[in-house]
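Pasted below: protein_0.pdb, PDB, C-alpha atoms.
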ATOM      1  CA  MET A   1       5.884  13.425  50.614  1.00  0.00           C
ATOM      2  CA  HIS A   2       9.018  14.620  52.342  1.00  0.00           C
ATOM      3  CA  GLN A   3      10.838  11.508  53.558  1.00  0.00           C
ATOM      4  CA  GLY A   4      11.794  12.945  56.945  1.00  0.00           C
ATOM      5  CA  PHE A   5       8.247  14.058  57.778  1.00  0.00           C
ATOM      6  CA  GLN A   6       6.870  10.761  56.501  1.00  0.00           C
ATOM      7  CA  PHE A   7       9.329   8.792  58.667  1.00  0.00           C
ATOM      8  CA  VAL A   8       8.268  10.682  61.813  1.00  0.00           C
ATOM      9  CA  TYR A   9       4.575  10.329  60.910  1.00  0.00           C
ATOM     10  CA  TYR A  10       4.889   6.579  60.484  1.00  0.00           C
ATOM     11  CA  ALA A  11       6.424   6.414  63.972  1.00  0.00           C
ATOM     12  CA  ILE A  12       3.188   7.808  65.497  1.00  0.00           C
ATOM     13  CA  ARG A  13       0.639   6.602  62.925  1.00  0.00           C
ATOM     14  CA  LYS A  14      -0.543   3.414  64.660  1.00  0.00           C
ATOM     15  CA  ASN A  15      -1.181   5.194  67.988  1.00  0.00           C
ATOM     16  CA  LEU A  16      -2.934   8.064  66.229  1.00  0.00           C
ATOM     17  CA  ILE A  17      -5.248   5.764  64.264  1.00  0.00           C
ATOM     18  CA  ASN A  18      -6.088   3.820  67.449  1.00  0.00           C
ATOM     19  CA  LEU A  19      -6.876   7.056  69.270  1.00  0.00           C
ATOM     20  CA  VAL A  20      -9.044   8.430  66.473  1.00  0.00           C
ATOM     21  CA  THR A  21     -10.986   5.173  65.998  1.00  0.00           C
ATOM     22  CA  THR A  22     -11.565   4.876  69.756  1.00  0.00           C
ATOM     23  CA  ILE A  23     -12.487   8.460  70.590  1.00  0.00           C
ATOM     24  CA  GLY A  24     -13.524   9.751  67.171  1.00  0.00           C
ATOM     25  CA  LYS A  25     -16.447   7.383  66.702  1.00  0.00           C
ATOM     26  CA  ASP A  26     -18.537   9.487  69.107  1.00  0.00           C
ATOM     27  CA  CYS A  27     -17.530  12.865  67.655  1.00  0.00           C
ATOM     28  CA  THR A  28     -19.628  15.135  65.502  1.00  0.00           C
ATOM     29  CA  ALA A  29     -16.655  17.368  64.601  1.00  0.00           C
ATOM     30  CA  VAL A  30     -12.882  16.946  64.729  1.00  0.00           C
ATOM     31  CA  LEU A  31     -10.372  19.801  64.820  1.00  0.00           C
ATOM     32  CA  ILE A  32      -6.730  18.953  64.139  1.00  0.00           C
ATOM     33  CA  THR A  33      -3.954  21.466  64.714  1.00  0.00           C
ATOM     34  CA  GLY A  34      -0.190  21.573  64.851  1.00  0.00           C
ATOM     35  CA  HIS A  35       2.743  23.960  64.968  1.00  0.00           C
ATOM     36  CA  SER A  36       5.906  23.546  62.896  1.00  0.00           C
ATOM     37  CA  LEU A  37       6.740  19.823  62.712  1.00  0.00           C
ATOM     38  CA  GLY A  38       3.372  19.181  64.374  1.00  0.00           C
ATOM     39  CA  GLY A  39       1.737  21.033  61.484  1.00  0.00           C
ATOM     40  CA  ALA A  40       3.545  18.830  58.979  1.00  0.00           C
ATOM     41  CA  LEU A  41       2.481  15.700  60.866  1.00  0.00           C
ATOM     42  CA  ALA A  42      -1.116  16.916  61.144  1.00  0.00           C
ATOM     43  CA  THR A  43      -1.154  17.504  57.386  1.00  0.00           C
ATOM     44  CA  LEU A  44       0.137  14.000  56.689  1.00  0.00           C
ATOM     45  CA  ALA A  45      -2.366  12.537  59.161  1.00  0.00           C
ATOM     46  CA  MET A  46      -5.462  14.148  57.659  1.00  0.00           C
ATOM     47  CA  PRO A  47      -6.079  11.576  54.882  1.00  0.00           C
ATOM     48  CA  ASP A  48      -5.730   8.734  57.433  1.00  0.00           C
ATOM     49  CA  ILE A  49      -8.005  10.481  59.917  1.00  0.00           C
ATOM     50  CA  LEU A  50     -10.574  11.139  57.208  1.00  0.00           C
ATOM     51  CA  ASN A  51     -10.599   7.428  56.320  1.00  0.00           C
ATOM     52  CA  VAL A  52     -11.217   6.191  59.889  1.00  0.00           C
ATOM     53  CA  LEU A  53     -13.838   8.733  60.988  1.00  0.00           C
ATOM     54  CA  PRO A  54     -17.520   8.072  60.404  1.00  0.00           C
ATOM     55  CA  GLY A  55     -18.726   9.346  57.017  1.00  0.00           C
ATOM     56  CA  ASN A  56     -20.706  12.205  58.541  1.00  0.00           C
ATOM     57  CA  VAL A  57     -17.634  13.737  60.250  1.00  0.00           C
ATOM     58  CA  SER A  58     -15.297  15.893  58.211  1.00  0.00           C
ATOM     59  CA  PRO A  59     -12.100  16.889  60.022  1.00  0.00           C
ATOM     60  CA  THR A  60     -10.892  20.505  60.066  1.00  0.00           C
ATOM     61  CA  LEU A  61      -7.197  21.388  60.027  1.00  0.00           C
ATOM     62  CA  TYR A  62      -5.587  24.571  61.377  1.00  0.00           C
ATOM     63  CA  ASN A  63      -1.791  24.686  61.200  1.00  0.00           C
ATOM     64  CA  LEU A  64       0.646  27.295  62.380  1.00  0.00           C
ATOM     65  CA  ALA A  65       4.153  27.593  60.895  1.00  0.00           C
ATOM     66  CA  SER A  66       3.821  24.384  58.914  1.00  0.00           C
ATOM     67  CA  PRO A  67       6.557  23.536  56.432  1.00  0.00           C
ATOM     68  CA  ARG A  68       5.754  22.183  52.974  1.00  0.00           C
ATOM     69  CA  VAL A  69       5.193  18.422  53.203  1.00  0.00           C
ATOM     70  CA  GLY A  70       4.639  17.099  49.705  1.00  0.00           C
ATOM     71  CA  HIS A  71       4.720  17.539  45.972  1.00  0.00           C
ATOM     72  CA  GLY A  72       1.899  18.472  43.612  1.00  0.00           C
ATOM     73  CA  ASP A  73       0.328  15.000  43.555  1.00  0.00           C
ATOM     74  CA  PHE A  74      -0.032  15.054  47.362  1.00  0.00           C
ATOM     75  CA  GLU A  75      -1.457  18.588  47.184  1.00  0.00           C
ATOM     76  CA  ASN A  76      -4.028  17.547  44.555  1.00  0.00           C
ATOM     77  CA  TYR A  77      -5.141  14.535  46.597  1.00  0.00           C
ATOM     78  CA  PHE A  78      -5.211  16.480  49.872  1.00  0.00           C
ATOM     79  CA  ASP A  79      -7.090  19.512  48.545  1.00  0.00           C
ATOM     80  CA  SER A  80      -9.674  17.334  46.776  1.00  0.00           C
ATOM     81  CA  HIS A  81     -10.427  15.304  49.931  1.00  0.00           C
ATOM     82  CA  ILE A  82      -9.950  17.689  52.882  1.00  0.00           C
ATOM     83  CA  ASN A  83     -12.651  20.368  52.958  1.00  0.00           C
ATOM     84  CA  VAL A  84     -11.275  22.786  55.557  1.00  0.00           C
ATOM     85  CA  CYS A  85      -7.551  23.456  55.935  1.00  0.00           C
ATOM     86  CA  TYR A  86      -6.021  26.747  57.010  1.00  0.00           C
ATOM     87  CA  ARG A  87      -2.306  27.385  57.427  1.00  0.00           C
ATOM     88  CA  VAL A  88      -1.449  30.396  59.560  1.00  0.00           C
ATOM     89  CA  VAL A  89       1.861  31.893  58.425  1.00  0.00           C
ATOM     90  CA  ASN A  90       3.814  34.684  60.101  1.00  0.00           C
ATOM     91  CA  THR A  91       5.315  36.818  57.331  1.00  0.00           C
ATOM     92  CA  TRP A  92       8.707  36.762  59.072  1.00  0.00           C
ATOM     93  CA  ASP A  93       8.911  33.021  59.832  1.00  0.00           C
ATOM     94  CA  VAL A  94      11.286  30.972  57.640  1.00  0.00           C
ATOM     95  CA  VAL A  95       9.869  27.526  58.493  1.00  0.00           C
ATOM     96  CA  PRO A  96       6.852  27.759  56.125  1.00  0.00           C
ATOM     97  CA  HIS A  97       9.370  28.263  53.296  1.00  0.00           C
ATOM     98  CA  VAL A  98      11.100  24.893  53.735  1.00  0.00           C
ATOM     99  CA  PRO A  99      11.629  22.458  52.099  1.00  0.00           C
ATOM    100  CA  PRO A 100      12.144  24.690  49.069  1.00  0.00           C
ATOM    101  CA  ALA A 101       9.541  25.125  46.367  1.00  0.00           C
ATOM    102  CA  LEU A 102      12.421  24.778  43.921  1.00  0.00           C
ATOM    103  CA  ALA A 103      12.599  21.098  44.935  1.00  0.00           C
ATOM    104  CA  GLY A 104       8.929  20.670  44.047  1.00  0.00           C
ATOM    105  CA  TYR A 105       7.443  20.953  47.547  1.00  0.00           C
ATOM    106  CA  VAL A 106       4.132  22.788  47.870  1.00  0.00           C
ATOM    107  CA  HIS A 107       1.655  23.780  50.567  1.00  0.00           C
ATOM    108  CA  VAL A 108      -1.889  22.476  50.878  1.00  0.00           C
ATOM    109  CA  GLY A 109      -5.095  24.244  51.888  1.00  0.00           C
ATOM    110  CA  ASN A 110      -5.579  27.971  52.360  1.00  0.00           C
ATOM    111  CA  GLN A 111      -2.970  30.320  53.740  1.00  0.00           C
ATOM    112  CA  VAL A 112      -3.791  33.031  56.281  1.00  0.00           C
ATOM    113  CA  ASN A 113      -0.978  35.565  56.539  1.00  0.00           C
ATOM    114  CA  ILE A 114      -0.290  37.340  59.818  1.00  0.00           C
ATOM    115  CA  ASP A 115       2.404  39.837  60.751  1.00  0.00           C
ATOM    116  CA  SER A 116       3.785  39.704  64.287  1.00  0.00           C
ATOM    117  CA  GLY A 117       6.398  42.350  63.572  1.00  0.00           C
ATOM    118  CA  PHE A 118       9.875  42.085  62.103  1.00  0.00           C
ATOM    119  CA  SER A 119      12.740  40.591  64.086  1.00  0.00           C
ATOM    120  CA  LEU A 120      16.169  39.381  63.015  1.00  0.00           C
ATOM    121  CA  ASP A 121      15.787  36.599  65.590  1.00  0.00           C
ATOM    122  CA  LEU A 122      14.580  33.534  63.640  1.00  0.00           C
ATOM    123  CA  VAL A 123      13.423  31.755  66.797  1.00  0.00           C
ATOM    124  CA  HIS A 124      11.408  34.807  67.894  1.00  0.00           C
ATOM    125  CA  ASN A 125       9.602  34.774  64.535  1.00  0.00           C
ATOM    126  CA  HIS A 126       8.761  31.066  64.802  1.00  0.00           C
ATOM    127  CA  VAL A 127       7.729  30.572  68.453  1.00  0.00           C
ATOM    128  CA  LEU A 128       3.987  30.649  69.134  1.00  0.00           C
ATOM    129  CA  SER A 129       4.118  33.209  71.954  1.00  0.00           C
ATOM    130  CA  THR A 130       6.267  35.769  70.126  1.00  0.00           C
ATOM    131  CA  GLY A 131       5.991  34.944  66.428  1.00  0.00           C
ATOM    132  CA  TYR A 132       2.334  33.985  66.144  1.00  0.00           C
ATOM    133  CA  ALA A 133       0.239  35.191  69.106  1.00  0.00           C
ATOM    134  CA  PRO A 134       0.734  38.940  68.460  1.00  0.00           C
ATOM    135  CA  GLY A 135      -0.114  38.514  64.777  1.00  0.00           C
ATOM    136  CA  LEU A 136      -3.192  36.431  65.562  1.00  0.00           C
ATOM    137  CA  VAL A 137      -4.432  39.047  68.041  1.00  0.00           C
ATOM    138  CA  LYS A 138      -3.989  41.736  65.377  1.00  0.00           C
ATOM    139  CA  TRP A 139      -5.680  39.571  62.708  1.00  0.00           C
ATOM    140  CA  ASN A 140      -8.650  38.875  64.995  1.00  0.00           C
ATOM    141  CA  GLN A 141      -9.057  42.600  65.721  1.00  0.00           C
ATOM    142  CA  GLU A 142      -9.080  43.353  61.991  1.00  0.00           C
ATOM    143  CA  HIS A 143     -11.420  40.442  61.172  1.00  0.00           C
ATOM    144  CA  PRO A 144     -14.219  40.436  63.764  1.00  0.00           C
ATOM    145  CA  VAL A 145     -16.346  37.374  64.359  1.00  0.00           C
ATOM    146  CA  THR A 146     -19.735  37.578  62.650  1.00  0.00           C
ATOM    147  CA  GLN A 147     -22.852  35.470  63.065  1.00  0.00           C
ATOM    148  CA  THR A 148     -23.770  33.922  59.705  1.00  0.00           C
ATOM    149  CA  ALA A 149     -26.999  32.147  58.834  1.00  0.00           C
ATOM    150  CA  ALA A 150     -25.480  29.032  57.293  1.00  0.00           C
ATOM    151  CA  LEU A 151     -22.001  28.757  58.781  1.00  0.00           C
ATOM    152  CA  GLY A 152     -22.393  29.840  62.391  1.00  0.00           C
ATOM    153  CA  SER A 153     -20.156  32.333  64.174  1.00  0.00           C
ATOM    154  CA  PHE A 154     -16.697  32.967  62.733  1.00  0.00           C
ATOM    155  CA  ALA A 155     -14.516  35.539  60.982  1.00  0.00           C
ATOM    156  CA  VAL A 156     -16.097  35.833  57.555  1.00  0.00           C
ATOM    157  CA  ALA A 157     -12.758  37.073  56.198  1.00  0.00           C
ATOM    158  CA  SER A 158     -11.348  33.582  56.783  1.00  0.00           C
ATOM    159  CA  LEU A 159     -13.341  32.442  53.751  1.00  0.00           C
ATOM    160  CA  VAL A 160     -10.999  34.527  51.623  1.00  0.00           C
ATOM    161  CA  GLY A 161      -7.803  32.590  52.296  1.00  0.00           C
ATOM    162  CA  VAL A 162      -4.881  32.665  49.919  1.00  0.00           C
ATOM    163  CA  SER A 163      -4.955  29.398  48.037  1.00  0.00           C
ATOM    164  CA  ALA A 164      -1.704  27.463  48.345  1.00  0.00           C
TER     165      ALA A 164
END

Structure rendered as structure tokens:
Amino acid sequence: MHQGFQFVYYAIRKNLINLVTTIGKDCTAVLITGHSLGGALATLAMPDILNVLPGNVSPTLYNLASPRVGHGDFENYFDSHINVCYRVVNTWDVVPHVPPALAGYVHVGNQVNIDSGFSLDLVHNHVLSTGYAPGLVKWNQEHPVTQTAALGSFAVASLVGVSA
């Protein structure tokens, strides 16, 4: 795992585990989400959260603009234990491309690509309101919600994520 992300995660880990064990015991489903650094922390937290939730509850992770957090061994462990993980990535955002793949860092889960329009402004491309919301609106219009027999109501196209 990336040392910086791991350091920040360890700073919040005890409080997070206490919260999940206190509130999570009565849950039937848990949705975890994060943006940017929050996405990295949510990714690192998922194995811990999975271990403290009751066995019948499988957490779901949706990240936006998450950087890469670990190497291949973390990816293998994560992807074999976490059933549902989607990373929403704006085509024009640089944050999902750091730390560099050249250094061995990889993404986990399934990637959903959106396009909120090109801008030379790096902050504009990364902020939720300008870099992600317009692309998500467009994606939702192109991938309507459908009622399925086994999986409930959701965008069936989300099943066809780009594997990390």

Which residues, written as JSON, numbers by chain, have at least one atom at most 8 Å from A:Val98, with only C-alpha atoms counted and residues fewer than 3 positions away on the same chain left out?
-> {"A": [67, 68, 94, 95, 101]}

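Straight-line separation from atom CA of A:Gly38 to atom CA of A:Phe5: 9.7 Å.
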
Would you mind listing, for every residue of stretch 74-125 of chain A within 12 Å of stretch 39-55 of chain A, the two atoms forming the shortest contact and the distance between them in Å to one decimal, using all atoms listed in the file, sorted by chain and ascending residue number, as a Markdown table?
| residue | atom | partner | partner_atom | distance |
| --- | --- | --- | --- | --- |
| A:Phe74 | CA | A:Leu44 | CA | 9.4 |
| A:Glu75 | CA | A:Thr43 | CA | 10.3 |
| A:Tyr77 | CA | A:Pro47 | CA | 8.8 |
| A:Phe78 | CA | A:Pro47 | CA | 7.1 |
| A:Asp79 | CA | A:Pro47 | CA | 10.2 |
| A:Ser80 | CA | A:Pro47 | CA | 10.6 |
| A:His81 | CA | A:Pro47 | CA | 7.6 |
| A:Ile82 | CA | A:Met46 | CA | 7.4 |
| A:Asn83 | CA | A:Leu50 | CA | 10.4 |
| A:Val84 | CA | A:Met46 | CA | 10.6 |
| A:Cys85 | CA | A:Thr43 | CA | 8.9 |
| A:Tyr86 | CA | A:Thr43 | CA | 10.5 |
| A:Arg87 | CA | A:Gly39 | CA | 8.6 |
| A:Val88 | CA | A:Gly39 | CA | 10.1 |
| A:Val89 | CA | A:Gly39 | CA | 11.3 |
| A:Val95 | CA | A:Ala40 | CA | 10.8 |
| A:Pro96 | CA | A:Ala40 | CA | 9.9 |
| A:Val98 | CA | A:Ala40 | CA | 11.0 |
| A:Pro99 | CA | A:Ala40 | CA | 11.2 |
| A:Val106 | CA | A:Ala40 | CA | 11.8 |
| A:His107 | CA | A:Thr43 | CA | 9.7 |
| A:Val108 | CA | A:Thr43 | CA | 8.2 |
| A:Gly109 | CA | A:Thr43 | CA | 9.5 |

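Atom CA of A:Gly131 sits 26.7 Å away from atom CA of A:Gly104.
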
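In terms of minimum interatomic distance to A:Gly4, A:Gly70 ranks closest within A:Gly70, A:Leu64, A:Ile32, A:Asn56, counting all atoms listed in the file.
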
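Straight-line separation from atom CA of A:Leu120 to atom CA of A:Val69: 25.6 Å.
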
Selection near A:Pro59, 7 Å with all atoms listed in the file, sequence-local residues under 2 positions removed, as a list of chain:residue names = A:Ala29, A:Val30, A:Leu31, A:Leu50, A:Val57, A:Leu61

Near-A:Asn125 list (6 Å; only C-alpha atoms; drop same-chain fewer than 2 positions) as an NGL selection string = :A and (92-93 or 122-123 or 131)

Kindly save the residues from that selection, with C-alpha atoms included, as a PDB file, in the frame of the given file.
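Saved file selection03.pdb follows:
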ATOM      1  CA  TRP A  92       8.707  36.762  59.072  1.00  0.00           C
ATOM      2  CA  ASP A  93       8.911  33.021  59.832  1.00  0.00           C
ATOM      3  CA  LEU A 122      14.580  33.534  63.640  1.00  0.00           C
ATOM      4  CA  VAL A 123      13.423  31.755  66.797  1.00  0.00           C
ATOM      5  CA  GLY A 131       5.991  34.944  66.428  1.00  0.00           C
TER       6      GLY A 131
END

As a short mmCIF file (atom, residue, chain, number, x, y, z; two decimals), keeping the file's coordinate frame, please: stretch 75-86 of chain A completed to all heavy atoms.
data_model
loop_
_atom_site.label_atom_id
_atom_site.label_comp_id
_atom_site.auth_asym_id
_atom_site.auth_seq_id
_atom_site.Cartn_x
_atom_site.Cartn_y
_atom_site.Cartn_z
N GLU A 75 -0.60 17.40 47.07
CA GLU A 75 -1.46 18.59 47.18
C GLU A 75 -2.80 18.35 46.50
O GLU A 75 -3.86 18.66 47.06
CB GLU A 75 -0.77 19.80 46.56
CG GLU A 75 -1.66 21.03 46.51
CD GLU A 75 -1.16 22.10 45.57
OE1 GLU A 75 -0.39 21.79 44.64
OE2 GLU A 75 -1.57 23.25 45.74
N ASN A 76 -2.79 17.80 45.29
CA ASN A 76 -4.03 17.55 44.56
C ASN A 76 -4.93 16.59 45.32
O ASN A 76 -6.13 16.81 45.43
CB ASN A 76 -3.73 16.98 43.16
CG ASN A 76 -3.09 18.02 42.27
OD1 ASN A 76 -3.23 19.22 42.48
ND2 ASN A 76 -2.37 17.56 41.26
N TYR A 77 -4.36 15.50 45.83
CA TYR A 77 -5.14 14.54 46.60
C TYR A 77 -5.70 15.19 47.86
O TYR A 77 -6.89 15.09 48.16
CB TYR A 77 -4.30 13.31 46.97
CG TYR A 77 -5.07 12.32 47.80
CD1 TYR A 77 -5.90 11.39 47.18
CD2 TYR A 77 -5.01 12.34 49.18
CE1 TYR A 77 -6.65 10.49 47.93
CE2 TYR A 77 -5.75 11.45 49.94
CZ TYR A 77 -6.56 10.53 49.31
OH TYR A 77 -7.30 9.66 50.06
N PHE A 78 -4.83 15.86 48.61
CA PHE A 78 -5.21 16.48 49.87
C PHE A 78 -6.34 17.50 49.65
O PHE A 78 -7.38 17.43 50.31
CB PHE A 78 -4.00 17.16 50.51
CG PHE A 78 -4.26 17.71 51.88
CD1 PHE A 78 -3.91 16.97 53.00
CD2 PHE A 78 -4.84 18.95 52.06
CE1 PHE A 78 -4.15 17.47 54.27
CE2 PHE A 78 -5.08 19.46 53.32
CZ PHE A 78 -4.73 18.71 54.43
N ASP A 79 -6.12 18.44 48.75
CA ASP A 79 -7.09 19.51 48.54
C ASP A 79 -8.42 19.01 47.99
O ASP A 79 -9.45 19.64 48.19
CB ASP A 79 -6.51 20.60 47.64
CG ASP A 79 -5.46 21.45 48.34
OD1 ASP A 79 -5.36 21.39 49.59
OD2 ASP A 79 -4.73 22.18 47.64
N SER A 80 -8.41 17.87 47.29
CA SER A 80 -9.67 17.33 46.78
C SER A 80 -10.43 16.51 47.82
O SER A 80 -11.61 16.23 47.65
CB SER A 80 -9.42 16.50 45.52
OG SER A 80 -8.71 15.33 45.83
N HIS A 81 -9.77 16.13 48.91
CA HIS A 81 -10.43 15.30 49.93
C HIS A 81 -10.66 16.03 51.26
O HIS A 81 -11.57 15.66 52.00
CB HIS A 81 -9.60 14.04 50.19
CG HIS A 81 -9.67 13.06 49.08
ND1 HIS A 81 -8.92 13.18 47.94
CD2 HIS A 81 -10.43 11.96 48.91
CE1 HIS A 81 -9.19 12.19 47.12
NE2 HIS A 81 -10.11 11.43 47.68
N ILE A 82 -9.83 16.98 51.60
CA ILE A 82 -9.95 17.69 52.88
C ILE A 82 -10.65 19.02 52.63
O ILE A 82 -10.14 19.89 51.93
CB ILE A 82 -8.56 17.93 53.53
CG1 ILE A 82 -7.76 16.63 53.63
CG2 ILE A 82 -8.71 18.62 54.88
CD1 ILE A 82 -8.43 15.52 54.42
N ASN A 83 -11.83 19.19 53.23
CA ASN A 83 -12.65 20.37 52.96
C ASN A 83 -12.14 21.65 53.60
O ASN A 83 -12.19 22.71 52.99
CB ASN A 83 -14.09 20.13 53.42
CG ASN A 83 -14.78 19.07 52.60
OD1 ASN A 83 -14.45 18.88 51.43
ND2 ASN A 83 -15.71 18.36 53.20
N VAL A 84 -11.67 21.57 54.85
CA VAL A 84 -11.28 22.79 55.56
C VAL A 84 -9.85 22.64 56.07
O VAL A 84 -9.57 21.80 56.93
CB VAL A 84 -12.23 23.08 56.75
CG1 VAL A 84 -11.82 24.38 57.43
CG2 VAL A 84 -13.67 23.13 56.29
N CYS A 85 -8.96 23.45 55.51
CA CYS A 85 -7.55 23.46 55.94
C CYS A 85 -7.03 24.87 55.84
O CYS A 85 -7.01 25.46 54.74
CB CYS A 85 -6.72 22.53 55.05
SG CYS A 85 -4.94 22.66 55.37
N TYR A 86 -6.63 25.42 56.97
CA TYR A 86 -6.02 26.75 57.01
C TYR A 86 -4.62 26.64 57.59
O TYR A 86 -4.42 25.98 58.60
CB TYR A 86 -6.85 27.72 57.85
CG TYR A 86 -8.14 28.11 57.19
CD1 TYR A 86 -9.34 27.56 57.60
CD2 TYR A 86 -8.15 29.02 56.13
CE1 TYR A 86 -10.53 27.90 56.98
CE2 TYR A 86 -9.33 29.36 55.51
CZ TYR A 86 -10.51 28.80 55.93
OH TYR A 86 -11.68 29.14 55.31
#
